[in-house]
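Data block for my_file.txt (compact mmCIF, C-alpha atoms):
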```
# COMPACT_ATOMS: atom_id res chain seq x y z
CA MET A 751 86.81 42.41 -24.17
CA ASN A 752 85.09 45.55 -25.51
CA ILE A 753 81.60 46.69 -24.72
CA TYR A 754 80.03 45.35 -27.95
CA GLU A 755 81.46 41.90 -27.52
CA ASN A 756 80.19 41.88 -23.98
CA LYS A 757 76.76 43.04 -25.06
CA TYR A 758 76.50 40.37 -27.75
CA ARG A 759 77.66 37.64 -25.44
CA ILE A 760 74.78 38.51 -23.13
CA THR A 761 72.36 38.83 -26.05
CA TYR A 762 73.25 35.39 -27.41
CA GLU A 763 72.82 33.86 -24.00
CA ALA A 764 69.39 35.46 -23.85
CA PHE A 765 68.71 34.19 -27.34
CA SER A 766 69.59 30.59 -26.51
CA LYS A 767 67.20 30.75 -23.54
CA PHE A 768 64.55 32.13 -25.83
CA SER A 769 65.16 29.28 -28.33
CA ALA A 770 64.84 26.68 -25.61
CA ARG A 771 61.52 28.15 -24.47
CA ILE A 772 60.23 28.40 -28.00
CA SER A 773 60.85 24.72 -28.61
CA LYS A 774 58.71 23.87 -25.58
CA ALA A 775 55.69 25.90 -26.70
CA GLU A 776 52.58 23.72 -27.02
CA ASP A 777 50.46 26.07 -29.12
CA THR A 778 50.70 29.28 -31.09
CA GLN A 779 49.28 31.34 -28.23
CA GLU A 780 52.00 30.09 -25.89
CA LEU A 781 54.55 30.81 -28.59
CA ALA A 782 53.33 34.42 -28.78
CA VAL A 783 53.65 34.79 -25.00
CA VAL A 784 57.20 33.38 -25.06
CA LEU A 785 58.02 35.94 -27.72
CA GLN A 786 56.55 38.75 -25.63
CA SER A 787 58.43 37.88 -22.45
CA ASN A 788 61.86 37.35 -24.04
CA LEU A 789 61.99 40.08 -26.61
CA LYS A 790 63.24 42.77 -24.21
CA TYR A 791 66.47 40.84 -23.55
CA LEU A 792 67.35 40.78 -27.23
CA PHE A 793 67.10 44.35 -28.51
CA ASN A 794 65.60 47.76 -27.85
CA PHE A 795 62.00 48.40 -28.95
CA LYS A 796 58.79 50.15 -27.94
CA PHE A 797 56.57 48.19 -30.28
CA PHE A 798 57.24 44.95 -32.12
CA ARG A 799 54.94 43.40 -34.69
CA ILE A 800 54.93 40.21 -36.77
CA PHE A 801 52.40 40.10 -39.58
CA ILE A 802 51.95 36.63 -41.14
CA LYS A 803 50.14 36.19 -44.42
CA ASN A 804 49.09 32.74 -45.59
CA ASP A 805 46.89 31.51 -48.46
CA SER A 806 43.70 31.71 -46.50
CA GLU A 807 44.29 34.14 -43.65
CA SER A 808 46.55 36.77 -42.21
CA ASN A 809 47.38 37.13 -38.51
CA SER A 810 49.51 39.41 -36.45
CA ILE A 811 51.28 39.43 -33.10
CA ASN A 812 51.73 42.87 -31.53
CA VAL A 813 54.09 43.29 -28.58
CA ILE A 814 54.20 46.56 -26.67
CA SER A 815 57.22 46.95 -24.43
CA ASN A 816 56.42 46.73 -20.70
CA SER A 817 52.80 45.81 -21.31
CA ILE A 818 51.31 43.62 -18.61
CA HIS A 819 48.65 42.13 -20.91
CA PRO A 820 49.59 38.85 -22.57
CA VAL A 821 49.72 39.18 -26.31
CA GLU A 822 47.26 37.46 -28.58
CA ILE A 823 47.43 36.32 -32.13
CA ILE A 824 44.81 38.38 -33.94
CA GLU A 825 43.45 38.17 -37.41
CA CYS A 826 44.09 41.43 -39.28
CA LEU A 827 44.82 43.17 -42.56
CA PRO A 828 48.30 44.50 -43.38
CA LEU A 829 49.16 48.09 -42.41
CA ASP A 830 50.02 50.56 -45.15
CA TYR A 831 53.80 50.10 -44.94
CA GLU A 832 53.29 46.33 -44.84
CA GLU A 833 51.36 46.52 -48.11
CA ASN A 834 54.44 48.25 -49.49
CA LEU A 835 56.73 45.51 -48.08
CA LEU A 836 54.57 42.70 -49.46
CA GLU A 837 54.69 44.36 -52.86
CA LYS A 838 58.38 45.35 -53.05
CA ASN A 839 60.05 43.14 -50.40
CA ILE A 840 62.52 45.97 -49.63
CA PRO A 841 63.25 46.61 -45.90
CA LEU A 842 62.08 49.98 -44.54
CA HIS A 843 63.61 52.33 -42.00
CA PHE A 844 62.05 55.72 -41.39
CA PHE A 845 60.89 58.02 -38.63
CA SER A 846 57.22 57.40 -37.93
CA ASP A 847 54.93 60.08 -36.53
CA GLY A 848 52.72 57.24 -35.27
CA LYS A 849 50.00 57.47 -37.89
CA CYS A 850 50.93 54.26 -39.64
CA THR A 851 50.53 52.15 -36.49
CA GLU A 852 47.60 54.04 -35.00
CA ARG A 853 45.07 51.49 -36.22
CA ILE A 854 46.70 48.76 -34.13
CA LEU A 855 47.92 50.71 -31.10
CA LYS A 856 44.89 53.01 -30.70
CA GLU A 857 47.43 55.85 -30.06
CA LYS A 858 50.17 57.61 -31.94
CA MET A 859 53.60 56.13 -31.14
CA GLU A 860 56.47 58.13 -32.57
CA GLY A 861 59.89 56.71 -33.24
CA ASP A 862 62.23 54.90 -35.62
CA LEU A 863 60.27 52.34 -37.60
CA TRP A 864 62.13 49.34 -38.98
CA ALA A 865 60.42 46.80 -41.18
CA TRP A 866 61.60 43.63 -42.95
CA TYR A 867 60.09 41.14 -45.33
CA PHE A 868 60.55 37.39 -44.99
CA LYS A 869 59.22 34.46 -46.96
CA TYR A 870 59.02 30.90 -45.66
CA GLY A 871 57.27 28.48 -48.00
CA LYS A 872 53.78 29.78 -48.51
CA SER A 873 53.98 32.18 -45.56
CA GLU A 874 54.94 35.80 -46.06
CA LEU A 875 56.05 37.79 -43.02
CA CYS A 876 56.32 41.47 -42.33
CA VAL A 877 58.33 42.11 -39.17
CA SER A 878 58.43 45.63 -37.88
CA LEU A 879 59.40 47.54 -34.75
CA ILE A 880 59.45 51.06 -33.37
CA SER A 881 62.23 52.18 -31.09
CA SER A 882 62.85 55.43 -29.24
CA GLN A 883 65.66 57.93 -29.61
CA GLU A 884 66.84 57.22 -26.04
CA LYS A 885 66.99 53.46 -26.48
CA PRO A 886 67.50 53.00 -30.19
CA PHE A 887 67.39 49.82 -32.21
CA VAL A 888 70.70 49.54 -34.02
CA THR A 889 71.75 47.98 -37.29
CA ARG A 890 73.75 45.31 -35.55
CA ASP A 891 70.54 44.01 -33.96
CA VAL A 892 69.13 43.10 -37.38
CA GLU A 893 71.07 39.86 -37.23
CA ILE A 894 69.30 38.94 -33.99
CA VAL A 895 65.92 39.75 -35.59
CA ASN A 896 66.80 37.39 -38.46
CA LEU A 897 67.67 34.58 -36.09
CA LEU A 898 64.60 35.26 -33.98
CA ILE A 899 62.22 35.16 -36.94
CA ASP A 900 63.88 32.02 -38.26
CA ASN A 901 63.30 30.21 -34.98
CA PHE A 902 59.88 31.66 -34.47
CA ILE A 903 58.41 30.84 -37.86
CA THR A 904 59.68 27.25 -37.86
CA LYS A 905 57.92 26.61 -34.58
CA TYR A 906 54.89 28.64 -35.61
CA GLN A 907 54.34 26.63 -38.79
CA GLN A 908 54.82 23.39 -36.90
CA LEU A 909 52.21 24.42 -34.31
CA VAL A 910 49.73 25.65 -36.91
CA LEU A 911 50.04 22.32 -38.66
CA ARG A 912 49.49 20.50 -35.38
CA GLU A 913 46.45 22.65 -34.61
CA GLU A 914 45.03 21.90 -38.04
CA LEU A 915 45.62 18.21 -37.50
CA ASN A 916 43.97 18.38 -34.09
CA HIS A 917 41.03 20.18 -35.62
CA GLN A 918 40.73 17.56 -38.35
CA ASN A 919 41.03 14.79 -35.78
CA LYS A 920 38.20 16.36 -33.83
CA ASN A 921 36.11 16.51 -36.98
CA LEU A 922 36.93 12.91 -37.77
CA LEU A 923 36.06 11.89 -34.25
CA ALA A 924 32.75 13.73 -34.49
CA ALA A 925 32.08 12.03 -37.82
CA LEU A 926 32.98 8.70 -36.28
CA ASN A 927 30.55 9.35 -33.45
CA VAL A 928 27.81 10.12 -35.96
CA ILE A 929 28.63 6.94 -37.87
CA ASN A 930 28.61 4.88 -34.70
CA SER A 931 25.29 6.25 -33.54
CA GLN A 932 23.83 5.65 -37.00
CA LYS A 933 25.23 2.17 -36.96
CA ALA A 934 23.58 1.55 -33.61
CA GLN A 935 20.31 2.88 -34.98
CA ILE A 936 20.56 0.68 -38.04
CA SER A 937 21.26 -2.45 -36.05
CA LYS A 938 18.36 -1.57 -33.77
CA ILE A 939 16.11 -1.29 -36.81
CA VAL A 940 17.48 -4.56 -38.17
CA ASP A 941 16.81 -6.24 -34.82
CA GLN A 942 13.26 -4.90 -34.77
CA GLN A 943 12.71 -6.11 -38.33
CA LYS A 944 14.08 -9.49 -37.40
CA GLU A 945 11.69 -9.66 -34.49
CA VAL A 946 8.78 -8.71 -36.73
CA ILE A 947 9.82 -11.32 -39.28
CA ASP A 948 10.19 -13.95 -36.57
CA ASP A 949 6.76 -13.11 -35.19
CA ARG A 950 5.17 -13.23 -38.62
CA THR A 951 6.93 -16.46 -39.49
CA LYS A 952 5.77 -18.02 -36.26
CA GLU A 953 2.24 -16.81 -36.92
CA LEU A 954 2.31 -18.18 -40.46
CA LYS A 955 3.67 -21.52 -39.27
CA GLU A 956 0.86 -21.75 -36.74
CA LYS A 957 -1.70 -20.90 -39.38
CA ASN A 958 -0.24 -23.44 -41.78
CA LYS A 959 -0.34 -26.09 -39.09
CA GLU A 960 -3.95 -25.30 -38.26
CA LEU A 961 -4.92 -25.29 -41.92
CA ALA A 962 -3.10 -28.58 -42.49
CA GLU A 963 -4.98 -30.10 -39.57
CA ILE A 964 -8.27 -28.85 -40.92
CA SER A 965 -7.58 -30.22 -44.38
CA GLN A 966 -6.49 -33.55 -42.88
CA LEU A 967 -9.68 -33.74 -40.88
CA ASN A 968 -11.72 -32.75 -43.91
CA ALA A 969 -10.12 -35.37 -46.09
CA HIS A 970 -10.95 -38.03 -43.55
CA THR A 971 -14.51 -36.87 -42.96
CA VAL A 972 -15.22 -36.88 -46.68
CA ARG A 973 -13.35 -40.06 -47.51
CA GLU A 974 -15.21 -42.18 -44.95
CA PRO A 975 -18.70 -42.10 -46.57
CA LEU A 976 -17.12 -41.97 -50.03
CA SER A 977 -15.22 -45.18 -49.38
CA ARG A 978 -18.50 -46.83 -48.36
CA ILE A 979 -20.12 -45.82 -51.62
CA LEU A 980 -17.15 -47.14 -53.61
CA GLY A 981 -17.14 -50.35 -51.58
CA LEU A 982 -20.86 -50.89 -52.07
CA ILE A 983 -20.51 -50.47 -55.82
CA GLU A 984 -17.61 -52.92 -55.73
CA ILE A 985 -19.61 -55.65 -54.01
CA SER A 986 -22.87 -55.01 -55.92
CA ASP A 987 -21.82 -57.55 -58.58
CA TYR A 988 -22.35 -60.27 -56.01
CA TYR A 989 -26.00 -59.49 -55.32
CA SER A 990 -29.13 -60.45 -57.21
CA ALA A 991 -31.40 -57.67 -58.44
CA GLU A 992 -33.78 -58.31 -55.54
CA GLU A 993 -30.96 -58.29 -52.97
CA LEU A 994 -29.57 -55.06 -54.45
CA LYS A 995 -32.88 -53.37 -53.89
CA THR A 996 -33.32 -54.57 -50.33
CA GLU A 997 -29.74 -54.54 -49.03
CA VAL A 998 -27.37 -52.39 -51.09
CA LEU A 999 -29.45 -49.50 -52.43
CA ASP A 1000 -30.57 -48.39 -49.00
CA HIS A 1001 -26.96 -48.35 -47.78
CA LEU A 1002 -25.93 -46.38 -50.86
CA LYS A 1003 -28.60 -43.82 -50.06
CA THR A 1004 -27.48 -43.50 -46.43
CA SER A 1005 -23.81 -43.26 -47.41
CA SER A 1006 -24.51 -40.64 -50.09
CA GLU A 1007 -26.45 -38.57 -47.61
CA ASP A 1008 -23.54 -38.89 -45.15
CA LEU A 1009 -21.14 -37.75 -47.87
CA ASP A 1010 -23.33 -34.76 -48.69
CA LYS A 1011 -23.49 -33.79 -45.06
CA ALA A 1012 -19.71 -34.22 -44.65
CA LEU A 1013 -19.03 -31.98 -47.64
CA LYS A 1014 -21.36 -29.31 -46.32
CA ASP A 1015 -19.59 -29.47 -42.94
CA VAL A 1016 -16.17 -29.21 -44.56
CA ILE A 1017 -17.13 -26.18 -46.62
CA GLU A 1018 -18.63 -24.45 -43.61
CA ARG A 1019 -15.59 -25.21 -41.44
CA SER A 1020 -13.11 -24.04 -44.09
CA ALA A 1021 -15.02 -20.80 -44.58
CA LYS A 1022 -14.92 -20.22 -40.85
CA ALA A 1023 -11.19 -20.92 -40.67
CA ILE A 1024 -10.45 -18.57 -43.57
CA GLU A 1025 -12.54 -15.84 -41.96
CA LEU A 1026 -10.75 -16.31 -38.63
CA PHE A 1027 -7.28 -16.15 -40.20
CA SER A 1028 -7.98 -13.15 -42.35
CA SER A 1029 -9.24 -11.22 -39.33
CA LYS A 1030 -6.10 -12.26 -37.39
CA SER A 1031 -3.73 -11.12 -40.14
CA PRO A 1032 -1.63 -8.07 -39.28
CA GLN A 1033 -2.37 -5.13 -41.57
CA MET B 1252 -9.58 -80.88 -43.40
CA GLN B 1253 -8.34 -77.37 -42.67
CA GLU B 1254 -10.08 -75.48 -39.94
CA LYS B 1255 -12.06 -72.39 -40.91
CA LYS B 1256 -10.09 -69.15 -40.61
CA LYS B 1257 -11.56 -66.93 -37.92
CA ILE B 1258 -11.74 -63.19 -38.72
CA PHE B 1259 -12.88 -60.16 -36.68
CA LEU B 1260 -14.07 -56.96 -38.29
CA VAL B 1261 -13.92 -53.89 -36.01
CA ASP B 1262 -15.54 -50.76 -37.46
CA ASP B 1263 -18.15 -48.44 -35.98
CA GLN B 1264 -19.73 -48.15 -39.42
CA ARG B 1265 -22.10 -51.03 -39.95
CA ILE B 1266 -22.08 -50.58 -43.70
CA ALA B 1267 -18.26 -50.66 -43.78
CA ASN B 1268 -18.24 -53.98 -41.95
CA MET B 1269 -20.85 -55.31 -44.35
CA ILE B 1270 -18.71 -54.34 -47.35
CA THR B 1271 -15.55 -55.94 -45.94
CA LYS B 1272 -17.44 -59.07 -45.02
CA LYS B 1273 -18.87 -59.39 -48.52
CA MET B 1274 -15.43 -58.87 -50.04
CA ILE B 1275 -13.91 -61.66 -47.94
CA GLU B 1276 -16.82 -64.04 -48.53
CA THR B 1277 -16.74 -63.56 -52.29
CA ASN B 1278 -13.00 -64.25 -52.34
CA GLY B 1279 -13.67 -67.96 -52.12
CA VAL B 1280 -11.76 -68.34 -48.86
CA ASP B 1281 -13.75 -70.23 -46.30
CA CYS B 1282 -13.88 -68.02 -43.20
CA ASP B 1283 -15.78 -67.50 -40.02
CA ILE B 1284 -16.38 -63.74 -39.89
CA LEU B 1285 -17.53 -61.81 -36.85
CA ALA B 1286 -18.32 -58.09 -37.23
CA PHE B 1287 -18.17 -55.65 -34.28
CA GLU B 1288 -19.43 -52.06 -34.26
CA GLU B 1289 -18.27 -51.65 -30.66
CA PRO B 1290 -14.52 -52.25 -30.17
CA LYS B 1291 -15.28 -53.11 -26.54
CA ASN B 1292 -17.32 -56.12 -27.66
CA ALA B 1293 -14.49 -57.23 -29.92
CA LEU B 1294 -12.03 -57.08 -26.99
CA GLU B 1295 -14.34 -59.24 -24.92
CA ALA B 1296 -14.73 -61.75 -27.73
CA LEU B 1297 -10.94 -61.86 -28.07
CA GLN B 1298 -10.63 -63.23 -24.53
CA GLU B 1299 -12.72 -66.23 -25.40
CA CYS B 1300 -11.35 -67.11 -28.75
CA PRO B 1301 -8.78 -64.91 -30.52
CA PRO B 1302 -9.12 -64.86 -34.31
CA GLU B 1303 -6.35 -65.26 -36.87
CA TYR B 1304 -6.99 -61.83 -38.44
CA ILE B 1305 -8.50 -58.56 -37.25
CA PHE B 1306 -9.62 -55.89 -39.73
CA LEU B 1307 -9.39 -52.72 -37.67
CA ASP B 1308 -10.71 -49.22 -38.35
CA LEU B 1309 -8.77 -46.36 -36.72
CA ASN B 1310 -11.32 -43.57 -36.42
CA MET B 1311 -13.86 -44.81 -33.86
CA PRO B 1312 -15.55 -43.19 -30.86
CA LEU B 1313 -14.86 -44.41 -27.26
CA ILE B 1314 -12.02 -46.79 -28.18
CA ASN B 1315 -10.13 -45.84 -31.32
CA GLY B 1316 -7.96 -48.15 -33.38
CA TRP B 1317 -4.73 -47.15 -31.65
CA GLN B 1318 -6.15 -47.78 -28.19
CA PHE B 1319 -7.44 -51.11 -29.43
CA LEU B 1320 -3.95 -52.01 -30.67
CA GLU B 1321 -2.34 -50.99 -27.36
CA ASN B 1322 -4.84 -53.18 -25.58
CA ILE B 1323 -4.18 -56.38 -27.52
CA LYS B 1324 -0.42 -55.82 -27.86
CA GLU B 1325 1.60 -58.63 -26.23
CA ARG B 1326 -1.60 -60.38 -25.22
CA PHE B 1327 -2.87 -61.90 -28.43
CA THR B 1328 -1.15 -63.15 -31.51
CA SER B 1329 -3.91 -62.13 -33.93
CA LYS B 1330 -2.60 -60.41 -37.06
CA VAL B 1331 -4.05 -56.95 -37.59
CA ILE B 1332 -4.96 -55.37 -40.92
CA ILE B 1333 -5.68 -51.68 -40.51
CA LEU B 1334 -8.56 -50.67 -42.76
CA THR B 1335 -9.17 -46.94 -42.60
CA SER B 1336 -10.33 -43.99 -44.65
CA SER B 1337 -7.33 -41.99 -43.35
CA VAL B 1338 -4.60 -41.33 -45.90
CA ASP B 1339 -2.43 -39.46 -43.39
CA PRO B 1340 1.25 -40.52 -43.75
CA ALA B 1341 1.65 -39.98 -39.98
CA ASP B 1342 -0.87 -42.76 -39.34
CA ILE B 1343 0.98 -45.09 -41.72
CA GLU B 1344 4.22 -44.39 -39.83
CA LYS B 1345 2.56 -44.90 -36.47
CA ALA B 1346 1.18 -48.26 -37.56
CA LYS B 1347 4.77 -49.48 -38.09
CA ASN B 1348 5.27 -49.31 -34.31
CA PHE B 1349 2.93 -52.26 -33.87
CA PRO B 1350 4.49 -55.54 -35.04
CA GLN B 1351 1.07 -57.14 -35.14
CA VAL B 1352 -0.03 -54.87 -37.96
CA ILE B 1353 0.72 -56.79 -41.14
CA SER B 1354 -0.87 -54.32 -43.52
CA TYR B 1355 -2.22 -50.77 -43.77
CA GLN B 1356 -5.15 -50.58 -46.22
CA THR B 1357 -7.17 -47.55 -47.15
CA LYS B 1358 -10.89 -47.82 -47.72
CA PRO B 1359 -12.60 -49.05 -49.76
CA PRO B 1360 -11.06 -52.53 -49.25
CA LYS B 1361 -9.48 -54.09 -52.35
CA ARG B 1362 -10.50 -57.63 -53.06
CA GLU B 1363 -7.14 -58.79 -54.42
CA ALA B 1364 -5.14 -57.30 -51.57
CA ILE B 1365 -7.40 -58.90 -48.96
CA LYS B 1366 -7.23 -62.27 -50.68
CA GLU B 1367 -3.42 -62.21 -50.61
CA LEU B 1368 -3.36 -61.19 -46.95
CA ILE B 1369 -5.60 -63.94 -45.58
CA LEU B 1370 -4.83 -66.80 -47.94
```
What does the file become when written as structure tokens?
Amino acid sequence: MNIYENKYRITYEAFSKFSARISKAEDTQELAVVLQSNLKYLFNFKFFRIFIKNDSESNSINVISNSIHPVEIIECLPLDYEENLLEKNIPLHFFSDGKCTERILKEKMEGDLWAWYFKYGKSELCVSLISSQEKPFVTRDVEIVNLLIDNFITKYQQLVLREELNHQNKNLLAALNVINSQKAQISKIVDQQKEVIDDRTKELKEKNKELAEISQLNAHTVREPLSRILGLIEISDYYSAEELKTEVLDHLKTSSEDLDKALKDVIERSAKAIELFSSKSPQ
Amino acid sequence: MQEKKKIFLVDDQRIANMITKKMIETNGVDCDILAFEEPKNALEALQECPPEYIFLDLNMPLINGWQFLENIKERFTSKVIILTSSVDPADIEKAKNFPQVISYQTKPPKREAIKELIL
């Protein structure tokens, strides 16, 4: 077994570990951290960067070898050489004086810069790294980078989709909460209205009953003397002119006066009742 | 020879009793008519000699027609004709609870109806 075979055996073992960890990542941040902690077992680099461009946004993951700070996925614009890659899609390999990565690293990092272009569905990727003269990145390692990116982006897209779904679910849940609270408000209003209607109906029923009683009473009060008058007229045929004068006429007078009084009473009482009810009415 | 039919009139209105009495008398039926303005007096008279018919007003002070009916119920067999100025359907319904009530008439009394009732 020669030295290369041995090296690649170890590398592939490291890669399969890396794959296993990637598949367990729960979110894109965790995925980035897995990438950071496993990268050093796969190939030589000082700085490794993945730039991902989608329809709506572009993000990047920047790993500095031996850094103790966990990497973050940050929103950013492409670097100059990445613009070139996105335009021409041709891999780059040149010696960098550090200017082209200064914006990201806040310092000039010299070394061999390698950069590749990948396209997965709607995502475009620019993967780049800088390695030193002492520990160089070699052409053979490109295959590992290919495999790595393949694994990484599949998981990345899956997680982004999940995060979007989670976000939408949250929105839906919030909307549902709003709907539920509105529903509760509406049913409260309906209940209140129902109560008001019930109260009014009850009030109206009471009024109707009282009015009916009054009208009943009135009818009786008026009918009593009226029926006497009608009765007297009915029997008047059976009296002589003299008897009419002495017996019937006087009764007719009394009964008519009673009727007049009853009518006056009724009118007064009705007016009072109407006044009472109109003052009771809710406005 | 047939005995004279005995009839009580119970109405707090003297004139009403007078009208009913005249109506019965002019019907050609030979009757002995006693008019009461106080229901209490009528109840007392009932004890001595109950009549065949009682013309009863409902709306009276002290003892109203219903109380009068309750009082004579199951004690006397006199037939009762309610004669009232009330046209309330509830009163008509209530009258059906008393088997003694053979008719419910509204005032003024109608000659033909009375004739048929006491003939």
Practice prompt. Identify, on the basis of all atoms listed in the file, every residue whose closest approach to Tyr1304 of chain B does not exceed 8 Å; exclude the query and any residue fewer than 5 positions from it along the same chain; express the result as JSON, numbers by chain.
Written response: {"B": [1257, 1258, 1259, 1329, 1330, 1331, 1332, 1369]}
Let's have the selection written as a PDB file, in the frame of the given file, with C-alpha atoms.
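The new file selection12.pdb reads:
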```pdb
ATOM      1  CA  LYS B1257     -11.560 -66.930 -37.920  1.00  0.00           C
ATOM      2  CA  ILE B1258     -11.740 -63.190 -38.720  1.00  0.00           C
ATOM      3  CA  PHE B1259     -12.880 -60.160 -36.680  1.00  0.00           C
ATOM      4  CA  SER B1329      -3.910 -62.130 -33.930  1.00  0.00           C
ATOM      5  CA  LYS B1330      -2.600 -60.410 -37.060  1.00  0.00           C
ATOM      6  CA  VAL B1331      -4.050 -56.950 -37.590  1.00  0.00           C
ATOM      7  CA  ILE B1332      -4.960 -55.370 -40.920  1.00  0.00           C
ATOM      8  CA  ILE B1369      -5.600 -63.940 -45.580  1.00  0.00           C
TER       9      ILE B1369
END
```
Practice prompt. Could you check how far atom CA of Thr761 of chain A sits from atom CA of Thr778 of chain A, in Å to one decimal?
Written response: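 Separation between atom CA of Thr761 of chain A and atom CA of Thr778 of chain A: 24.2 Å.
Residues lying within 12 Å of (61.1, 48.5, -24.5). Counted over only C-alpha atoms, they are Gln786, Ser787, Asn788, Leu789, Lys790, Tyr791, Leu792, Phe793, Asn794, Phe795, Lys796, Phe797, Phe798, Val813, Ile814, Ser815, Asn816, Ser817, Leu879, Ile880, Ser881, Ser882, Gln883, Glu884, Lys885, Pro886 and Phe887 of chain A.
In this model, the gap between atom CA of Gly861 of chain A and atom CA of Pro841 of chain A comes to 16.5 Å.
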Worksheet entry | Contacts of Lys1291 of chain B at 10 Å (all atoms listed in the file; same-chain gap of 5+ positions) as a PyMOL selection string | chain B and resi 1261+1296-1297+1313-1314+1319
Worksheet item: Excluding same-chain residues fewer than 6 positions from segment 1356-1361 of chain B, what lies within 9 Å of it counting all atoms listed in the file, as a PyMOL selection string?
Response: (chain A and resi 973-974+976-982+984) or (chain B and resi 1267+1270-1271+1274+1332-1338)
Using all atoms listed in the file, I'd like a table of the residues in chain A that come within 12 Å of chain B; for each, show the closest atom pair and its distance in Å rounded to one decimal, ordered by chain and ascending number, as CSV.
```
residue,atom,partner,partner_atom,distance
A:Ala962,CA,B:Asp1339,CA,10.9
A:Glu963,CA,B:Asp1339,CA,10.4
A:Ser965,CA,B:Asp1339,CA,10.6
A:Gln966,CA,B:Asp1339,CA,7.2
A:Leu967,CA,B:Ser1337,CA,8.9
A:Asn968,CA,B:Ser1337,CA,10.2
A:Ala969,CA,B:Ser1337,CA,7.7
A:His970,CA,B:Ser1337,CA,5.4
A:Thr971,CA,B:Ser1336,CA,8.4
A:Val972,CA,B:Ser1336,CA,8.9
A:Arg973,CA,B:Ser1336,CA,5.7
A:Glu974,CA,B:Ser1336,CA,5.2
A:Pro975,CA,B:Ser1336,CA,8.8
A:Leu976,CA,B:Pro1359,CA,8.4
A:Ser977,CA,B:Pro1359,CA,4.7
A:Arg978,CA,B:Ala1267,CA,6.0
A:Ile979,CA,B:Pro1359,CA,8.4
A:Leu980,CA,B:Pro1359,CA,6.3
A:Gly981,CA,B:Pro1359,CA,5.1
A:Leu982,CA,B:Ile1270,CA,6.2
A:Ile983,CA,B:Ile1270,CA,9.5
A:Glu984,CA,B:Met1274,CA,8.5
A:Ile985,CA,B:Met1274,CA,6.6
A:Ser986,CA,B:Lys1273,CA,9.5
A:Asp987,CA,B:Thr1277,CA,10.1
A:Tyr988,CA,B:Thr1277,CA,7.5
A:Tyr989,CA,B:Lys1273,CA,9.9
A:Glu997,CA,B:Met1269,CA,10.1
A:Val998,CA,B:Ile1266,CA,9.3
A:Leu999,CA,B:Ile1266,CA,11.5
A:Asp1000,CA,B:Ile1266,CA,10.2
A:His1001,CA,B:Ile1266,CA,6.7
A:Leu1002,CA,B:Ile1266,CA,9.2
A:Lys1003,CA,B:Ile1266,CA,11.3
A:Thr1004,CA,B:Ile1266,CA,9.3
A:Ser1005,CA,B:Ile1266,CA,8.4
A:Asp1008,CA,B:Gln1264,CA,11.5
```
What does the file look like for those residues with C-alpha atoms, as an mmCIF file, keeping the file's coordinate frame?
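That gives us selection-v8.cif:
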```cif
data_model
loop_
_atom_site.group_PDB
_atom_site.id
_atom_site.type_symbol
_atom_site.label_atom_id
_atom_site.label_comp_id
_atom_site.auth_asym_id
_atom_site.auth_seq_id
_atom_site.Cartn_x
_atom_site.Cartn_y
_atom_site.Cartn_z
ATOM 1 C CA ALA A 962 -3.100 -28.580 -42.490
ATOM 2 C CA GLU A 963 -4.980 -30.100 -39.570
ATOM 3 C CA SER A 965 -7.580 -30.220 -44.380
ATOM 4 C CA GLN A 966 -6.490 -33.550 -42.880
ATOM 5 C CA LEU A 967 -9.680 -33.740 -40.880
ATOM 6 C CA ASN A 968 -11.720 -32.750 -43.910
ATOM 7 C CA ALA A 969 -10.120 -35.370 -46.090
ATOM 8 C CA HIS A 970 -10.950 -38.030 -43.550
ATOM 9 C CA THR A 971 -14.510 -36.870 -42.960
ATOM 10 C CA VAL A 972 -15.220 -36.880 -46.680
ATOM 11 C CA ARG A 973 -13.350 -40.060 -47.510
ATOM 12 C CA GLU A 974 -15.210 -42.180 -44.950
ATOM 13 C CA PRO A 975 -18.700 -42.100 -46.570
ATOM 14 C CA LEU A 976 -17.120 -41.970 -50.030
ATOM 15 C CA SER A 977 -15.220 -45.180 -49.380
ATOM 16 C CA ARG A 978 -18.500 -46.830 -48.360
ATOM 17 C CA ILE A 979 -20.120 -45.820 -51.620
ATOM 18 C CA LEU A 980 -17.150 -47.140 -53.610
ATOM 19 C CA GLY A 981 -17.140 -50.350 -51.580
ATOM 20 C CA LEU A 982 -20.860 -50.890 -52.070
ATOM 21 C CA ILE A 983 -20.510 -50.470 -55.820
ATOM 22 C CA GLU A 984 -17.610 -52.920 -55.730
ATOM 23 C CA ILE A 985 -19.610 -55.650 -54.010
ATOM 24 C CA SER A 986 -22.870 -55.010 -55.920
ATOM 25 C CA ASP A 987 -21.820 -57.550 -58.580
ATOM 26 C CA TYR A 988 -22.350 -60.270 -56.010
ATOM 27 C CA TYR A 989 -26.000 -59.490 -55.320
ATOM 28 C CA GLU A 997 -29.740 -54.540 -49.030
ATOM 29 C CA VAL A 998 -27.370 -52.390 -51.090
ATOM 30 C CA LEU A 999 -29.450 -49.500 -52.430
ATOM 31 C CA ASP A 1000 -30.570 -48.390 -49.000
ATOM 32 C CA HIS A 1001 -26.960 -48.350 -47.780
ATOM 33 C CA LEU A 1002 -25.930 -46.380 -50.860
ATOM 34 C CA LYS A 1003 -28.600 -43.820 -50.060
ATOM 35 C CA THR A 1004 -27.480 -43.500 -46.430
ATOM 36 C CA SER A 1005 -23.810 -43.260 -47.410
ATOM 37 C CA ASP A 1008 -23.540 -38.890 -45.150
#
```
Fill in: Selection: 10 Å around Leu1294 of chain B, all atoms listed in the file, excl. self and same-chain fewer than 4 positions, as a PyMOL selection string
chain B and resi 1261+1287+1289-1290+1298-1299+1301+1319+1322-1323
Item to complete: Could you please give me, as a ChimeraX atom specification, the residues of protein, DNA or RNA lying at most 8 Å from (56.5, 28.9, -23.2) in the coordinate frame of the file, considering only C-alpha atoms?
Response: /A:771-772,774-776,780-781,783-784
